[in-house]
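First comes the structure, then the notes that go with it.
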Amino acid sequence: MSPNEITPHEQAEAEPIADPGLPAHQWRPTDLDEKAAKRAERQVAAFFITSIVFAILFVVAYFTLEIGEDWDVFMGFGASTAALGVTLGMALLLIGVGIIQWARKLMGDHEISEQRHPAVSSPEDREDVLASLELGIAESGISRRPLVRNSLLGAVAALGLPAVVLLRDLGPLPKDVVDPERGKGLEHTLWKKGERIVRDVIGTPILASELQVGDLVNCQPEILLATDERGNHILHGVDVQVGKSKASLILLRMEPDDITHGRGRENWTVDGIVAYSKICTHVGCPISLNERTTHHLLCPCHQSTFDLADSGRVVFGPAARALPQLPIAVDGEGYLVAQSDFTEPVGPSYWERDSK
Amino acid sequence: MSVDTTKVAKSNATAAATPAKPSKLGGAANWADERLGIGSMMKKNIRKVFPDHWSFMLGEIALWSFVTLLLTGVFLTLWFVPSMNEVAYQGSYEQLRGVYMSEAMVSTMDISFDIRGGLLMRQMHHWAAMIFIASMMVHLMRVYLTGAFRKPREINWVIGMLLLLLGTLEGFTGYSLPDDLLSGTGVRAADGFMKAAPVVGTYMSFFLFGGEFPGESIIPRLYIIHVLLIPALLLGLIAAHMLLLVYHKHTQWPGPGRTEQNVVGFPMLPVYAAKAGGFFFIVFGVTALMGGLMTINPLWKYGPYDPSKVTAGSQPDWYMGWPDGALRIIPGWESAFWGVTLSWNILLPILILPILLWVIVMMLPFIEAWITGDKREHHLLERPRNAPTRTALLVALMTFYGLMWAAGGNDLIAIKFDMSINAITYFMRGAVFVGPVIAFIITRRWCISLQRHDNERLLHGWETGVVSRSADGGFSELHLPYTQEKQYALTARDRDEEKTYTSESDVDENGVPAPDTRKNRLRAKLSKFWYGPAVQKPTAADFHEAHHHGDHAEVGAGEGSKELH
């Protein structure tokens, strides 16, 4: 084609390089040489046979290797998981590799071409379908008899009510569980006036004099860990978990002069010992990382940081509210106790929470 | 090319030899066809053509890891007890013996220590879940970057997005089931997320947990969601995804003989079936090796869930990492009004952002089609460089995701690199907005440079490295043209101008603009932005010019050139 014979526009639109068409098929060594083909056949079979060997080794490993506590001892034959994983993995892999080798070396490798068809159906089909649809709709009378149609729609829609209502008993409403005495409900915990503060896990009460400046203690209300006269726990299972998820407490002793008391909180501490909820006000993780020199407490989940010397104020991170502080005192025997429950809900925010 | 085909083994001919007598296979096929009438369906599909390219395998990884999940998951259900009853652990692991924990945790411990192969299956299940979600995301990126989502495949894109969402939920419900300290912490956070929802949040939480957190209902409820509800949905959607794939026929890369009207590749039976089937064993096998050799989720180290405990460096599974990053870097915004509380610091990063990003990604095909006004079917893939704006858009989204994900590990970064966590967090607050913009600009320029380079290669051939010195002392390098196949493959793409949408097209014959002109103006502007700086392939005239002026080298397909510049 000479450039003189076409207009500049056509020239711009023309494909610069003509499609040379599908390249010729290239024969493989295995197509041309019977020996090569036989070799490939043996190769593939070798993969499959080795796979069988590994499957058998799997069974051997299953019955000979010990499991249990020493599962991670490798040469002491406790390595059941590793041996089972390797033998099973190899048995599977070798089948896969063998099949793919078979496909690449021995199966016909002629690329073939297939015509595409537009996703759309033929115009005749579409017209037929539309006509049938219209006929069907007309015969049903759904558009001529709106009363039938609308009442049916209403009836089906009304079925949504039983479906939704059926789920009502999935759980109680937030207000149904409220019981200040037993610490139930979002606004209450197991803390109450005179409730002893005990160390978490071991459950021993704490004398104010035991704590050195800088000591941080994880605590629970005594009732959570208390046992009856026969040594059985008073609270079990879910009650313990729910109780802990709200009542977990942190005690920290600092120099009394370091504390900036919040308004009305002047009497909430004992000799520089402050008590705060351990539950982060962001999404509820238990806070655990104490920075001793600054009295800052860091939540390990999302790094909200609270200043325990200053009413639990947020100094960094995504939390929006200060950690709730528990007013504490000492009882007649000198042990630390709560003056009351927390004065605000602990843990993450929720819609009905009055945060003012 | 001539080959002595007489030596070709007969079994490798394209057509099967005609059997001398009706074969057993024929008999069985006949029996089935007379009852199921599957002949016509099989006729179309048994030799259906599938094009070959490594990147088409990514979706297959997702499919086969899902099958691996089903198989290993069934094994786990034989022993797992979805109950929150507290019992004292009495199994083989001495350090936790006597410790009270839920039956879910006890049974997971038993699977890990007292059932042979149990730990292997548990770890395979967890690894396969990681691979499932990762391969879906890489597959998504491949489909987007090559333009495979364009008409007629938009619905399959939407199905894919649903699969990704359900896969993520399936993963979350799955790793919450053992009721160990880490998973319990995740559920605790989920409780905080739900409570942050305006108006209904507390109710949602109480209904899901059957009362106050943690209650004793959450594990059995998550269990049935994890083993029945979501898998059934996944299975149905995967079937739909596959059916549409078969109906549309797979996309292919442009090249000699490969057009919008055909599909070139290997037939389903035997080559594709063998490769795909073989690949299942490879995915399964690799998962088994990982499950056997790489520890994942060692819950015996975390211990049972206790609302008063947490380990430092607690991380969700990686695919939940990026919303967690958003949750970490958001400032502590909360509004209190009319006696209620609205927690923006949870609402924005967890309840709004992920859904928003998901919707944006799902809408990408429709947004692009609206901007380009392109209503044609596309079966040939585009190289990422040949759609610079599209490619840059995804890279910007990936950058956003990546930065959020890194923010989700801000504590680990701070510890490993001895940096201030506050500084990292403040930096990330800005970076998640600035980073994607920079990534967009760089990627687009990069694509355009690659397009220029392609044109260079087309018009001036390849650099041979042979340098000559001319009589008057100048140096020049010999360039040789590429083969016609290569040149064709490089030029086999649309010219962008053809698709540029302008608002002028809506002006009627009297010059009156259509009523929605403002929308069109925006569309035209976006279209200009979309195609604006992209480089078009050379025209025939460009080739002609390069050929005749001999500016650099003669470009005649397939013939060697000695002309110097």
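By order of appearance in the structure tokens: chains A, B, ..., then residues from 1 within every chain, and ligands from 1 in the order shown.
DSSP, applied to the backbone of this structure, assigns strand (DSSP E or B) to the following residues of region 322-367 of chain B: Ser335, Ala336, Phe337, Val340, Thr341 and Leu342 of chain B.
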Just to be explicit: take each residue in the selection above, keep C-alpha atoms, and write the result as a PDB file, in the first residue's frame.
ATOM      1  CA  SER B 335     -20.023  13.193  69.819  1.00  0.00           C
ATOM      2  CA  ALA B 336     -22.385  13.351  72.740  1.00  0.00           C
ATOM      3  CA  PHE B 337     -25.777  14.959  72.171  1.00  0.00           C
ATOM      4  CA  VAL B 340     -26.711   9.674  73.348  1.00  0.00           C
ATOM      5  CA  THR B 341     -23.180   8.976  72.155  1.00  0.00           C
ATOM      6  CA  LEU B 342     -21.895   8.634  68.604  1.00  0.00           C
TER       7      LEU B 342
END
Practice task
Could you give me the residues within region 274-379 of chain B that DSSP places in alpha helix (DSSP H), as number ranges by chain?
Solution key: B: 274-293, 299-302, 321-329, 344-346, 353-372
Handout entry: Selection: 12 Å around Ile424 (chain B), only C-alpha atoms, excl. self and same-chain fewer than 2 positions, as a VMD selection string
Key = (chain A and resid 303 317) or (chain B and resid 325 328 to 329 403 to 404 406 to 415 417 to 422 426 to 432)
Kindly export the residues of the current selection with N, CA and C atoms, as a short mmCIF file (atom, residue, chain, number, x, y, z; two decimals), in the first residue's frame.
data_model
loop_
_atom_site.label_atom_id
_atom_site.label_comp_id
_atom_site.auth_asym_id
_atom_site.auth_seq_id
_atom_site.Cartn_x
_atom_site.Cartn_y
_atom_site.Cartn_z
N GLN A 303 -3.40 1.18 70.88
CA GLN A 303 -2.44 2.16 71.38
C GLN A 303 -3.05 3.43 71.97
N GLY A 317 -3.96 8.45 70.91
CA GLY A 317 -4.66 7.31 70.34
C GLY A 317 -6.12 7.56 70.08
N GLY B 325 -5.87 -1.00 61.12
CA GLY B 325 -4.97 0.15 61.00
C GLY B 325 -5.73 1.46 61.03
N ARG B 328 -6.63 2.32 64.39
CA ARG B 328 -5.53 2.78 65.23
C ARG B 328 -5.17 4.23 64.98
N ILE B 329 -5.29 4.68 63.73
CA ILE B 329 -4.78 6.02 63.45
C ILE B 329 -5.87 7.09 63.52
N LEU B 403 -0.91 1.19 53.21
CA LEU B 403 -0.56 2.10 54.31
C LEU B 403 -1.44 1.82 55.52
N MET B 404 -2.74 1.58 55.28
CA MET B 404 -3.64 1.25 56.38
C MET B 404 -3.18 -0.04 57.05
N ALA B 406 -0.14 -1.24 57.11
CA ALA B 406 1.08 -0.96 57.88
C ALA B 406 0.72 -0.26 59.18
N ALA B 407 -0.28 0.62 59.12
CA ALA B 407 -0.72 1.31 60.34
C ALA B 407 -1.26 0.29 61.35
N GLY B 408 -1.84 -0.82 60.83
CA GLY B 408 -2.33 -1.88 61.71
C GLY B 408 -1.21 -2.59 62.44
N GLY B 409 0.03 -2.36 61.98
CA GLY B 409 1.17 -2.95 62.70
C GLY B 409 2.05 -1.88 63.29
N ASN B 410 1.45 -0.73 63.62
CA ASN B 410 2.28 0.39 64.09
C ASN B 410 3.07 0.05 65.35
N ASP B 411 2.48 -0.82 66.21
CA ASP B 411 3.21 -1.17 67.42
C ASP B 411 4.42 -2.05 67.08
N LEU B 412 4.22 -2.98 66.12
CA LEU B 412 5.33 -3.86 65.75
C LEU B 412 6.43 -3.06 65.05
N ILE B 413 6.02 -2.12 64.19
CA ILE B 413 7.02 -1.27 63.52
C ILE B 413 7.80 -0.48 64.56
N ALA B 414 7.07 0.05 65.54
CA ALA B 414 7.73 0.85 66.58
C ALA B 414 8.76 0.02 67.33
N ILE B 415 8.40 -1.23 67.63
CA ILE B 415 9.33 -2.07 68.42
C ILE B 415 10.50 -2.51 67.56
N PHE B 417 11.76 -1.32 64.75
CA PHE B 417 12.64 -0.29 64.21
C PHE B 417 12.97 0.78 65.24
N ASP B 418 12.57 0.51 66.48
CA ASP B 418 12.89 1.42 67.56
C ASP B 418 12.45 2.85 67.24
N MET B 419 11.19 2.97 66.83
CA MET B 419 10.67 4.29 66.49
C MET B 419 9.57 4.67 67.47
N SER B 420 9.19 5.94 67.45
CA SER B 420 8.12 6.41 68.32
C SER B 420 6.78 6.03 67.72
N ILE B 421 5.96 5.35 68.50
CA ILE B 421 4.66 4.93 67.99
C ILE B 421 3.79 6.15 67.68
N ASN B 422 3.99 7.20 68.48
CA ASN B 422 3.21 8.42 68.21
C ASN B 422 3.58 9.00 66.86
N TYR B 426 1.08 9.58 63.72
CA TYR B 426 0.84 10.91 63.11
C TYR B 426 1.22 10.88 61.63
N PHE B 427 2.35 10.21 61.31
CA PHE B 427 2.77 10.13 59.92
C PHE B 427 1.71 9.43 59.08
N MET B 428 1.18 8.31 59.62
CA MET B 428 0.19 7.54 58.86
C MET B 428 -1.09 8.33 58.62
N ARG B 429 -1.44 9.17 59.58
CA ARG B 429 -2.66 9.98 59.41
C ARG B 429 -2.58 10.81 58.15
N GLY B 430 -1.38 11.33 57.84
CA GLY B 430 -1.22 12.10 56.61
C GLY B 430 -0.97 11.20 55.42
N ALA B 431 -0.16 10.15 55.64
CA ALA B 431 0.29 9.32 54.52
C ALA B 431 -0.87 8.63 53.81
N VAL B 432 -1.90 8.22 54.56
CA VAL B 432 -2.99 7.50 53.90
C VAL B 432 -3.74 8.39 52.92
#
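Candidate residues B:Leu381, B:Ala274, B:Asp542, B:Thr185 were compared for distance to Val310 (chain B), and the nearest is B:Thr185, using only C-alpha atoms.
Counting only C-alpha atoms, the residue from A:Gly136, A:Gly272, A:Gly160, A:Gly347 that sits nearest to chain B is A:Gly347.
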Residues at most 9 Å from Ser183 (chain B), counting only C-alpha atoms, excluding those fewer than 5 positions away in the same chain, as a compact mmCIF listing (two decimals) with N, CA and C atoms, in the first residue's frame?
# COMPACT_ATOMS: atom_id res chain seq x y z
N TYR B 175 -11.56 -17.81 62.74
CA TYR B 175 -10.51 -17.69 63.75
C TYR B 175 -11.06 -17.24 65.09
N SER B 176 -12.35 -16.95 65.16
CA SER B 176 -12.96 -16.65 66.46
C SER B 176 -13.40 -17.91 67.19
N LEU B 177 -13.54 -19.02 66.46
CA LEU B 177 -14.14 -20.22 67.05
C LEU B 177 -13.35 -20.86 68.20
N PRO B 178 -12.01 -20.93 68.13
CA PRO B 178 -11.32 -21.68 69.20
C PRO B 178 -11.48 -21.06 70.58
N ARG B 188 -14.14 -9.46 71.28
CA ARG B 188 -14.37 -8.31 72.17
C ARG B 188 -14.38 -7.01 71.34
N LEU B 299 -2.54 -21.59 69.66
CA LEU B 299 -3.40 -21.01 70.70
C LEU B 299 -3.05 -21.49 72.09
N TYR B 305 -9.63 -17.64 76.58
CA TYR B 305 -10.05 -16.24 76.63
C TYR B 305 -10.37 -15.83 78.06
N PRO B 316 -5.00 -9.05 64.38
CA PRO B 316 -5.96 -9.94 63.73
C PRO B 316 -5.28 -10.66 62.57
Exercise for the section: Can you pull out every residue within 7 Å of region 203-217 of chain A, counting only C-alpha atoms, but drop anything in the same chain fewer than 3 positions away, and send it as a count of residues only? Expected result: 17
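The list of residues with at least one atom within 8 Å of Leu393 (chain B), based on only C-alpha atoms and without residues fewer than 4 positions apart in the same chain, reads Thr389, Leu397 and Phe440 of chain B.
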Store the residues picked out above in a file with C-alpha atoms, as a compact mmCIF listing (two decimals), in the first residue's frame.
# COMPACT_ATOMS: atom_id res chain seq x y z
CA THR B 389 -5.22 5.91 34.45
CA LEU B 397 -6.10 2.06 46.07
CA PHE B 440 -1.26 7.63 41.26
Practice task
Would you list the contacts of Ala387 (chain B) as a PyMOL selection string, taking every protein, DNA or RNA residue within 12 Å and counting only C-alpha atoms, but skipping same-chain residues closer than 3 positions in sequence?
Solution key: chain B and resi 144-147+368+372+381-384+390-394+443-448+450-451+493-496+529-536
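Take the candidates B:Pro436, B:Gly291, B:Gly59, B:Gly167 and check each one against Val143 (chain B) using only C-alpha atoms; the shortest distance goes to B:Gly59.
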Practice task
Using only C-alpha atoms, find the one residue out of A:Pro180, A:Pro123, A:Pro286, A:Gly231 that sits nearest to chain B.
Solution key: A:Pro286
Exercise for the section: Please measure the separation of CA of Pro220 (chain B) and CA of Ile111 (chain B), giving the value in Å to one decimal. Expected result: 17.8 Å
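Among the candidate residues B:Leu120, B:Met141, B:Val395, B:Leu458, the one lying nearest to chain A is B:Leu120, with distances computed using only C-alpha atoms.
For the residues A:Leu170, A:Val315, A:Ala61, A:Ile142, ranking by smallest atom-to-atom distance to chain B using only C-alpha atoms places A:Leu170 first.
Interatomic distance, CA of Lys192 (chain A) to CA of Ala247 (chain A): 10.5 Å.
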